[in-house]
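Pasted below: final11.txt, compact mmCIF, N, CA and C atoms.
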```
# COMPACT_ATOMS: atom_id res chain seq x y z
N MET A 1 86.52 68.28 87.97
CA MET A 1 86.58 68.73 89.34
C MET A 1 86.87 70.24 89.33
N LYS A 2 86.20 70.95 90.20
CA LYS A 2 86.35 72.41 90.22
C LYS A 2 87.53 72.81 91.09
N ARG A 3 88.05 73.97 90.78
CA ARG A 3 89.18 74.50 91.53
C ARG A 3 88.73 74.98 92.90
N PHE A 4 89.69 75.04 93.83
CA PHE A 4 89.37 75.55 95.16
C PHE A 4 89.24 77.07 95.09
N THR A 5 88.16 77.57 95.67
CA THR A 5 87.99 79.01 95.79
C THR A 5 87.59 79.30 97.23
N PHE A 6 88.24 80.29 97.79
CA PHE A 6 87.95 80.70 99.15
C PHE A 6 86.95 81.85 99.08
N SER A 7 85.79 81.66 99.64
CA SER A 7 84.71 82.64 99.51
C SER A 7 85.06 83.99 100.15
N MET A 8 85.99 83.98 101.09
CA MET A 8 86.35 85.22 101.78
C MET A 8 87.70 85.77 101.31
N GLN A 9 88.10 85.40 100.09
CA GLN A 9 89.41 85.81 99.58
C GLN A 9 89.52 87.34 99.48
N LYS A 10 88.45 88.00 99.07
CA LYS A 10 88.49 89.46 98.96
C LYS A 10 88.68 90.10 100.32
N VAL A 11 88.06 89.52 101.34
CA VAL A 11 88.22 90.04 102.70
C VAL A 11 89.66 89.82 103.16
N LEU A 12 90.21 88.64 102.86
CA LEU A 12 91.61 88.35 103.21
C LEU A 12 92.55 89.31 102.51
N ASP A 13 92.29 89.57 101.23
CA ASP A 13 93.12 90.52 100.49
C ASP A 13 93.04 91.92 101.12
N LEU A 14 91.84 92.32 101.51
CA LEU A 14 91.68 93.62 102.16
C LEU A 14 92.44 93.67 103.48
N ARG A 15 92.33 92.61 104.26
CA ARG A 15 93.05 92.55 105.55
C ARG A 15 94.56 92.60 105.34
N ASN A 16 95.04 91.93 104.31
CA ASN A 16 96.48 91.98 104.00
C ASN A 16 96.89 93.39 103.59
N PHE A 17 96.05 94.04 102.82
CA PHE A 17 96.32 95.43 102.41
C PHE A 17 96.39 96.33 103.65
N GLN A 18 95.42 96.17 104.56
CA GLN A 18 95.41 96.97 105.78
C GLN A 18 96.65 96.69 106.62
N LEU A 19 97.07 95.44 106.67
CA LEU A 19 98.28 95.09 107.40
C LEU A 19 99.50 95.76 106.77
N ASP A 20 99.59 95.73 105.46
CA ASP A 20 100.71 96.39 104.77
C ASP A 20 100.74 97.88 105.07
N GLN A 21 99.57 98.50 105.04
CA GLN A 21 99.48 99.94 105.34
C GLN A 21 99.92 100.22 106.78
N ALA A 22 99.45 99.42 107.71
CA ALA A 22 99.79 99.62 109.12
C ALA A 22 101.28 99.43 109.34
N GLN A 23 101.86 98.43 108.68
CA GLN A 23 103.30 98.19 108.81
C GLN A 23 104.09 99.34 108.19
N ALA A 24 103.60 99.90 107.10
CA ALA A 24 104.29 101.04 106.48
C ALA A 24 104.25 102.26 107.40
N ASP A 25 103.09 102.51 108.01
CA ASP A 25 102.97 103.63 108.95
C ASP A 25 103.92 103.46 110.12
N LEU A 26 103.95 102.26 110.67
CA LEU A 26 104.85 101.99 111.80
C LEU A 26 106.30 102.10 111.35
N GLY A 27 106.59 101.62 110.16
CA GLY A 27 107.95 101.68 109.63
C GLY A 27 108.47 103.10 109.50
N LYS A 28 107.60 104.02 109.11
CA LYS A 28 108.01 105.42 108.99
C LYS A 28 108.43 105.98 110.34
N ILE A 29 107.65 105.67 111.36
CA ILE A 29 107.96 106.18 112.70
C ILE A 29 109.24 105.53 113.22
N ILE A 30 109.38 104.24 113.01
CA ILE A 30 110.59 103.55 113.46
C ILE A 30 111.82 104.10 112.74
N ALA A 31 111.68 104.44 111.47
CA ALA A 31 112.80 105.03 110.73
C ALA A 31 113.20 106.37 111.35
N GLN A 32 112.22 107.15 111.77
CA GLN A 32 112.52 108.43 112.41
C GLN A 32 113.22 108.20 113.75
N ILE A 33 112.77 107.21 114.50
CA ILE A 33 113.42 106.89 115.78
C ILE A 33 114.86 106.46 115.55
N ASN A 34 115.07 105.62 114.55
CA ASN A 34 116.43 105.17 114.23
C ASN A 34 117.32 106.33 113.80
N GLN A 35 116.74 107.28 113.07
CA GLN A 35 117.49 108.45 112.64
C GLN A 35 117.92 109.27 113.86
N ARG A 36 117.01 109.46 114.81
CA ARG A 36 117.34 110.21 116.03
C ARG A 36 118.42 109.49 116.83
N ASN A 37 118.33 108.18 116.91
CA ASN A 37 119.35 107.40 117.63
C ASN A 37 120.71 107.52 116.96
N LEU A 38 120.71 107.54 115.65
CA LEU A 38 121.96 107.73 114.91
C LEU A 38 122.54 109.11 115.19
N GLN A 39 121.68 110.11 115.24
CA GLN A 39 122.14 111.46 115.57
C GLN A 39 122.73 111.51 116.98
N LEU A 40 122.12 110.79 117.92
CA LEU A 40 122.66 110.73 119.28
C LEU A 40 124.05 110.10 119.28
N LYS A 41 124.20 109.06 118.51
CA LYS A 41 125.51 108.39 118.41
C LYS A 41 126.55 109.35 117.84
N GLU A 42 126.16 110.09 116.81
CA GLU A 42 127.08 111.06 116.21
C GLU A 42 127.47 112.14 117.21
N LEU A 43 126.51 112.57 118.04
CA LEU A 43 126.83 113.56 119.08
C LEU A 43 127.87 113.01 120.05
N ALA A 44 127.70 111.77 120.45
CA ALA A 44 128.65 111.15 121.37
C ALA A 44 130.03 111.06 120.74
N GLU A 45 130.08 110.73 119.46
CA GLU A 45 131.37 110.66 118.76
C GLU A 45 132.02 112.03 118.68
N LYS A 46 131.22 113.06 118.42
CA LYS A 46 131.75 114.43 118.37
C LYS A 46 132.33 114.83 119.73
N LYS A 47 131.62 114.46 120.79
CA LYS A 47 132.08 114.81 122.13
C LYS A 47 133.41 114.15 122.44
N VAL A 48 133.56 112.90 122.06
CA VAL A 48 134.82 112.18 122.29
C VAL A 48 135.95 112.83 121.49
N LEU A 49 135.66 113.16 120.25
CA LEU A 49 136.67 113.78 119.39
C LEU A 49 137.12 115.13 119.95
N VAL A 50 136.18 115.96 120.36
CA VAL A 50 136.51 117.28 120.89
C VAL A 50 137.25 117.14 122.23
N THR A 51 136.86 116.17 123.02
CA THR A 51 137.54 115.94 124.30
C THR A 51 139.00 115.59 124.06
N ARG A 52 139.28 114.75 123.11
CA ARG A 52 140.67 114.38 122.80
C ARG A 52 141.47 115.60 122.34
N ARG A 53 140.85 116.41 121.48
CA ARG A 53 141.56 117.60 120.99
C ARG A 53 141.80 118.60 122.12
N THR A 54 140.82 118.75 123.00
CA THR A 54 140.94 119.71 124.09
C THR A 54 141.98 119.24 125.10
N ASP A 55 142.02 117.94 125.36
CA ASP A 55 143.02 117.41 126.29
C ASP A 55 144.44 117.65 125.78
N ALA A 56 144.61 117.68 124.49
CA ALA A 56 145.93 117.92 123.90
C ALA A 56 146.30 119.41 123.94
N SER A 57 145.34 120.26 124.15
CA SER A 57 145.58 121.71 124.15
C SER A 57 145.79 122.22 125.57
N SER A 58 146.60 123.27 125.68
CA SER A 58 146.81 123.88 127.00
C SER A 58 146.25 125.31 127.04
N ASN A 59 145.52 125.68 126.01
CA ASN A 59 144.97 127.02 125.90
C ASN A 59 143.65 127.09 126.69
N VAL A 60 143.52 128.09 127.57
CA VAL A 60 142.34 128.24 128.42
C VAL A 60 141.11 128.57 127.56
N SER A 61 141.28 129.36 126.55
CA SER A 61 140.13 129.72 125.70
C SER A 61 139.56 128.48 125.00
N ASP A 62 140.41 127.48 124.70
CA ASP A 62 139.94 126.23 124.11
C ASP A 62 139.01 125.50 125.07
N TYR A 63 139.37 125.56 126.37
CA TYR A 63 138.54 124.90 127.37
C TYR A 63 137.17 125.58 127.48
N PHE A 64 137.14 126.91 127.43
CA PHE A 64 135.87 127.62 127.50
C PHE A 64 135.02 127.34 126.25
N ALA A 65 135.68 127.34 125.10
CA ALA A 65 134.96 127.04 123.86
C ALA A 65 134.42 125.60 123.88
N THR A 66 135.23 124.70 124.41
CA THR A 66 134.80 123.31 124.51
C THR A 66 133.62 123.17 125.45
N ASP A 67 133.67 123.88 126.56
CA ASP A 67 132.57 123.83 127.52
C ASP A 67 131.28 124.34 126.88
N ALA A 68 131.36 125.43 126.14
CA ALA A 68 130.18 125.98 125.46
C ALA A 68 129.66 124.97 124.41
N TYR A 69 130.59 124.34 123.71
CA TYR A 69 130.21 123.35 122.69
C TYR A 69 129.54 122.15 123.34
N PHE A 70 130.07 121.71 124.48
CA PHE A 70 129.46 120.59 125.20
C PHE A 70 128.04 120.92 125.67
N LYS A 71 127.83 122.16 126.07
CA LYS A 71 126.49 122.57 126.49
C LYS A 71 125.53 122.52 125.30
N LEU A 72 126.02 122.96 124.15
CA LEU A 72 125.21 122.88 122.93
C LEU A 72 124.90 121.43 122.58
N LEU A 73 125.92 120.57 122.69
CA LEU A 73 125.70 119.15 122.40
C LEU A 73 124.69 118.54 123.38
N GLU A 74 124.77 118.95 124.65
CA GLU A 74 123.84 118.44 125.66
C GLU A 74 122.41 118.88 125.36
N GLN A 75 122.25 120.14 124.94
CA GLN A 75 120.91 120.62 124.58
C GLN A 75 120.36 119.85 123.38
N THR A 76 121.21 119.62 122.41
CA THR A 76 120.81 118.87 121.23
C THR A 76 120.43 117.44 121.62
N LYS A 77 121.22 116.87 122.52
CA LYS A 77 120.94 115.51 123.00
C LYS A 77 119.58 115.46 123.69
N GLU A 78 119.29 116.42 124.53
CA GLU A 78 118.01 116.46 125.24
C GLU A 78 116.84 116.59 124.26
N ARG A 79 117.03 117.44 123.26
CA ARG A 79 115.99 117.61 122.24
C ARG A 79 115.74 116.31 121.50
N LEU A 80 116.83 115.63 121.12
CA LEU A 80 116.69 114.36 120.40
C LEU A 80 116.01 113.30 121.27
N LEU A 81 116.37 113.27 122.55
CA LEU A 81 115.74 112.30 123.46
C LEU A 81 114.25 112.57 123.60
N GLN A 82 113.89 113.84 123.68
CA GLN A 82 112.47 114.19 123.77
C GLN A 82 111.73 113.78 122.49
N GLU A 83 112.37 113.99 121.35
CA GLU A 83 111.76 113.59 120.08
C GLU A 83 111.58 112.08 120.02
N ILE A 84 112.57 111.34 120.54
CA ILE A 84 112.47 109.88 120.55
C ILE A 84 111.29 109.43 121.41
N VAL A 85 111.16 110.06 122.58
CA VAL A 85 110.04 109.71 123.47
C VAL A 85 108.71 110.00 122.78
N THR A 86 108.61 111.14 122.14
CA THR A 86 107.38 111.50 121.43
C THR A 86 107.09 110.51 120.31
N LEU A 87 108.12 110.15 119.56
CA LEU A 87 107.94 109.20 118.46
C LEU A 87 107.56 107.81 118.99
N GLU A 88 108.15 107.42 120.11
CA GLU A 88 107.79 106.13 120.71
C GLU A 88 106.32 106.13 121.12
N MET A 89 105.86 107.25 121.64
CA MET A 89 104.45 107.36 122.03
C MET A 89 103.55 107.27 120.80
N GLN A 90 104.01 107.81 119.68
CA GLN A 90 103.24 107.71 118.44
C GLN A 90 103.30 106.29 117.87
N ALA A 91 104.40 105.61 118.11
CA ALA A 91 104.59 104.27 117.55
C ALA A 91 103.75 103.22 118.28
N GLN A 92 103.51 103.43 119.56
CA GLN A 92 102.80 102.40 120.34
C GLN A 92 101.41 102.08 119.78
N PRO A 93 100.58 103.08 119.51
CA PRO A 93 99.27 102.73 118.92
C PRO A 93 99.41 102.08 117.53
N LYS A 94 100.43 102.48 116.80
CA LYS A 94 100.65 101.88 115.48
C LYS A 94 101.01 100.41 115.63
N ARG A 95 101.80 100.09 116.65
CA ARG A 95 102.13 98.69 116.92
C ARG A 95 100.88 97.88 117.23
N GLU A 96 99.98 98.48 118.00
CA GLU A 96 98.72 97.80 118.33
C GLU A 96 97.89 97.56 117.08
N VAL A 97 97.85 98.54 116.20
CA VAL A 97 97.10 98.38 114.94
C VAL A 97 97.71 97.24 114.13
N VAL A 98 99.04 97.19 114.06
CA VAL A 98 99.71 96.11 113.32
C VAL A 98 99.37 94.76 113.94
N ARG A 99 99.41 94.67 115.27
CA ARG A 99 99.08 93.41 115.94
C ARG A 99 97.64 92.97 115.62
N GLU A 100 96.71 93.92 115.69
CA GLU A 100 95.32 93.60 115.39
C GLU A 100 95.15 93.14 113.95
N CYS A 101 95.80 93.84 113.04
CA CYS A 101 95.72 93.44 111.62
C CYS A 101 96.31 92.05 111.42
N MET A 102 97.41 91.77 112.10
CA MET A 102 98.03 90.45 111.98
C MET A 102 97.10 89.35 112.51
N LYS A 103 96.40 89.65 113.61
CA LYS A 103 95.45 88.68 114.15
C LYS A 103 94.34 88.40 113.15
N LYS A 104 93.80 89.46 112.56
CA LYS A 104 92.70 89.30 111.60
C LYS A 104 93.13 88.49 110.39
N VAL A 105 94.33 88.78 109.90
CA VAL A 105 94.85 88.04 108.74
C VAL A 105 95.07 86.58 109.11
N LYS A 106 95.63 86.35 110.28
CA LYS A 106 95.90 84.98 110.70
C LYS A 106 94.61 84.16 110.83
N VAL A 107 93.58 84.78 111.39
CA VAL A 107 92.29 84.08 111.53
C VAL A 107 91.77 83.68 110.15
N LEU A 108 91.81 84.61 109.22
CA LEU A 108 91.31 84.30 107.87
C LEU A 108 92.18 83.26 107.17
N GLU A 109 93.48 83.33 107.36
CA GLU A 109 94.36 82.34 106.74
C GLU A 109 94.13 80.95 107.31
N GLU A 110 93.90 80.88 108.61
CA GLU A 110 93.58 79.58 109.24
C GLU A 110 92.26 79.05 108.70
N LEU A 111 91.27 79.91 108.57
CA LEU A 111 89.99 79.51 108.01
C LEU A 111 90.17 79.00 106.57
N LYS A 112 91.00 79.69 105.81
CA LYS A 112 91.26 79.28 104.43
C LYS A 112 91.91 77.90 104.40
N LYS A 113 92.86 77.66 105.31
CA LYS A 113 93.50 76.34 105.37
C LYS A 113 92.49 75.24 105.69
N LYS A 114 91.59 75.53 106.63
CA LYS A 114 90.58 74.54 107.01
C LYS A 114 89.64 74.27 105.84
N ARG A 115 89.23 75.32 105.18
CA ARG A 115 88.32 75.15 104.04
C ARG A 115 89.01 74.38 102.91
N TYR A 116 90.30 74.66 102.72
CA TYR A 116 91.05 73.95 101.69
C TYR A 116 91.13 72.46 102.04
N ALA A 117 91.39 72.17 103.31
CA ALA A 117 91.47 70.77 103.75
C ALA A 117 90.12 70.08 103.54
N GLN A 118 89.02 70.77 103.84
CA GLN A 118 87.68 70.21 103.62
C GLN A 118 87.45 69.95 102.14
N TRP A 119 87.82 70.93 101.31
CA TRP A 119 87.64 70.81 99.86
C TRP A 119 88.44 69.62 99.34
N LYS A 120 89.67 69.49 99.81
CA LYS A 120 90.53 68.41 99.36
C LYS A 120 89.94 67.06 99.76
N LYS A 121 89.40 67.00 100.96
CA LYS A 121 88.77 65.76 101.44
C LYS A 121 87.57 65.41 100.56
N GLU A 122 86.75 66.40 100.22
CA GLU A 122 85.59 66.18 99.37
C GLU A 122 86.00 65.72 97.98
N VAL A 123 87.06 66.33 97.45
CA VAL A 123 87.53 65.94 96.12
C VAL A 123 88.01 64.49 96.14
N GLU A 124 88.75 64.14 97.18
CA GLU A 124 89.23 62.76 97.28
C GLU A 124 88.06 61.78 97.41
N LYS A 125 87.03 62.18 98.16
CA LYS A 125 85.85 61.34 98.32
C LYS A 125 85.14 61.17 96.98
N GLU A 126 85.01 62.27 96.22
CA GLU A 126 84.37 62.22 94.91
C GLU A 126 85.16 61.32 93.97
N GLU A 127 86.49 61.43 94.00
CA GLU A 127 87.34 60.60 93.14
C GLU A 127 87.19 59.13 93.51
N GLU A 128 87.12 58.87 94.81
CA GLU A 128 86.95 57.49 95.26
C GLU A 128 85.61 56.92 94.80
N LEU A 129 84.56 57.74 94.91
CA LEU A 129 83.24 57.29 94.46
C LEU A 129 83.23 57.06 92.95
N SER A 130 83.87 57.95 92.22
CA SER A 130 83.95 57.80 90.75
C SER A 130 84.70 56.52 90.39
N LEU A 131 85.78 56.28 91.11
CA LEU A 131 86.56 55.07 90.85
C LEU A 131 85.74 53.82 91.17
N GLU A 132 84.98 53.86 92.25
CA GLU A 132 84.12 52.72 92.61
C GLU A 132 83.06 52.51 91.55
N GLU A 133 82.50 53.58 91.01
CA GLU A 133 81.50 53.47 89.95
C GLU A 133 82.09 52.84 88.71
N VAL A 134 83.31 53.25 88.36
CA VAL A 134 83.97 52.69 87.17
C VAL A 134 84.22 51.20 87.39
N VAL A 135 84.73 50.86 88.56
CA VAL A 135 85.00 49.45 88.85
C VAL A 135 83.69 48.65 88.82
N ALA A 136 82.65 49.20 89.43
CA ALA A 136 81.35 48.52 89.45
C ALA A 136 80.81 48.36 88.03
N PHE A 137 80.97 49.39 87.22
CA PHE A 137 80.48 49.33 85.83
C PHE A 137 81.25 48.26 85.05
N GLN A 138 82.58 48.25 85.26
CA GLN A 138 83.40 47.27 84.53
C GLN A 138 83.05 45.84 84.95
N SER A 139 82.84 45.67 86.26
CA SER A 139 82.51 44.31 86.73
C SER A 139 81.10 43.93 86.24
N PHE A 140 80.19 44.89 86.14
CA PHE A 140 78.83 44.63 85.63
C PHE A 140 78.88 44.31 84.15
N SER A 141 79.78 45.01 83.42
CA SER A 141 79.91 44.80 81.98
C SER A 141 80.46 43.41 81.67
N LYS A 142 81.30 42.88 82.50
CA LYS A 142 81.91 41.59 82.26
C LYS A 142 80.91 40.46 82.47
N GLU A 143 79.92 40.70 83.27
CA GLU A 143 78.94 39.65 83.55
C GLU A 143 77.98 39.48 82.48
```
Would you write the structure of this file as structure tokens?
Amino acid sequence: MKRFTFSMQKVLDLRNFQLDQAQADLGKIIAQINQRNLQLKELAEKKVLVTRRTDASSNVSDYFATDAYFKLLEQTKERLLQEIVTLEMQAQPKREVVRECMKKVKVLEELKKKRYAQWKKEVEKEEELSLEEVVAFQSFSKE
């Protein structure tokens, strides 16, 4: 009995490769988005820390310096938010590419499963016929 071979295996392999590539591209952008979000969190932590220190101080120049620092933090925050929006816009088409690649792979995998089930059914039928032939031969030999 011959082994199961899927005639479109090379196409499935190619589709899987394309899916891996698309996921890697999307992963790079998502990593950048996560990095920007982490930077935003760090900015918020810095603001809380400076606010606590400034509240403990009674020096007017500390308040002016803190105000200037907060403005800088706000500008940095706005820049990071803009970068996140830009990256999200870049990520959306990549997500679509990943979805399309996943659909193509799934279709081929389903086809492979169906073909395997057909092959298995044929093999079982062949084995049954072979067994019937052996039984028929043995019963003919006894006569």
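With only C-alpha atoms taken into account, the protein and nucleic acid residues at most 9 Å from A:Lys112 (excluding it and anything under 5 positions from it in its own chain) are Phe6, Ser7, Met8, Gln9, Val107 and Ala117 of chain A.
Atom N of A:Leu87 lies 7.5 Å from atom N of A:Ile33.
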TODO: Please provide the set of residues having any atom within 12 Å of stretch 52-56 of chain A, restricted to only C-alpha atoms, with same-chain residues fewer than 4 positions apart removed, written as number ranges by chain.
DONE: A: 45-48, 60-67, 69-70
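Interatomic distance, atom N of A:Met102 to atom CA of A:Leu19: 5.8 Å.
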- [ ] In Å, rounded to a single decimal, give me how far atom CA of A:Ala24 is from atom C of A:Leu108.
- [x] 21.5 Å
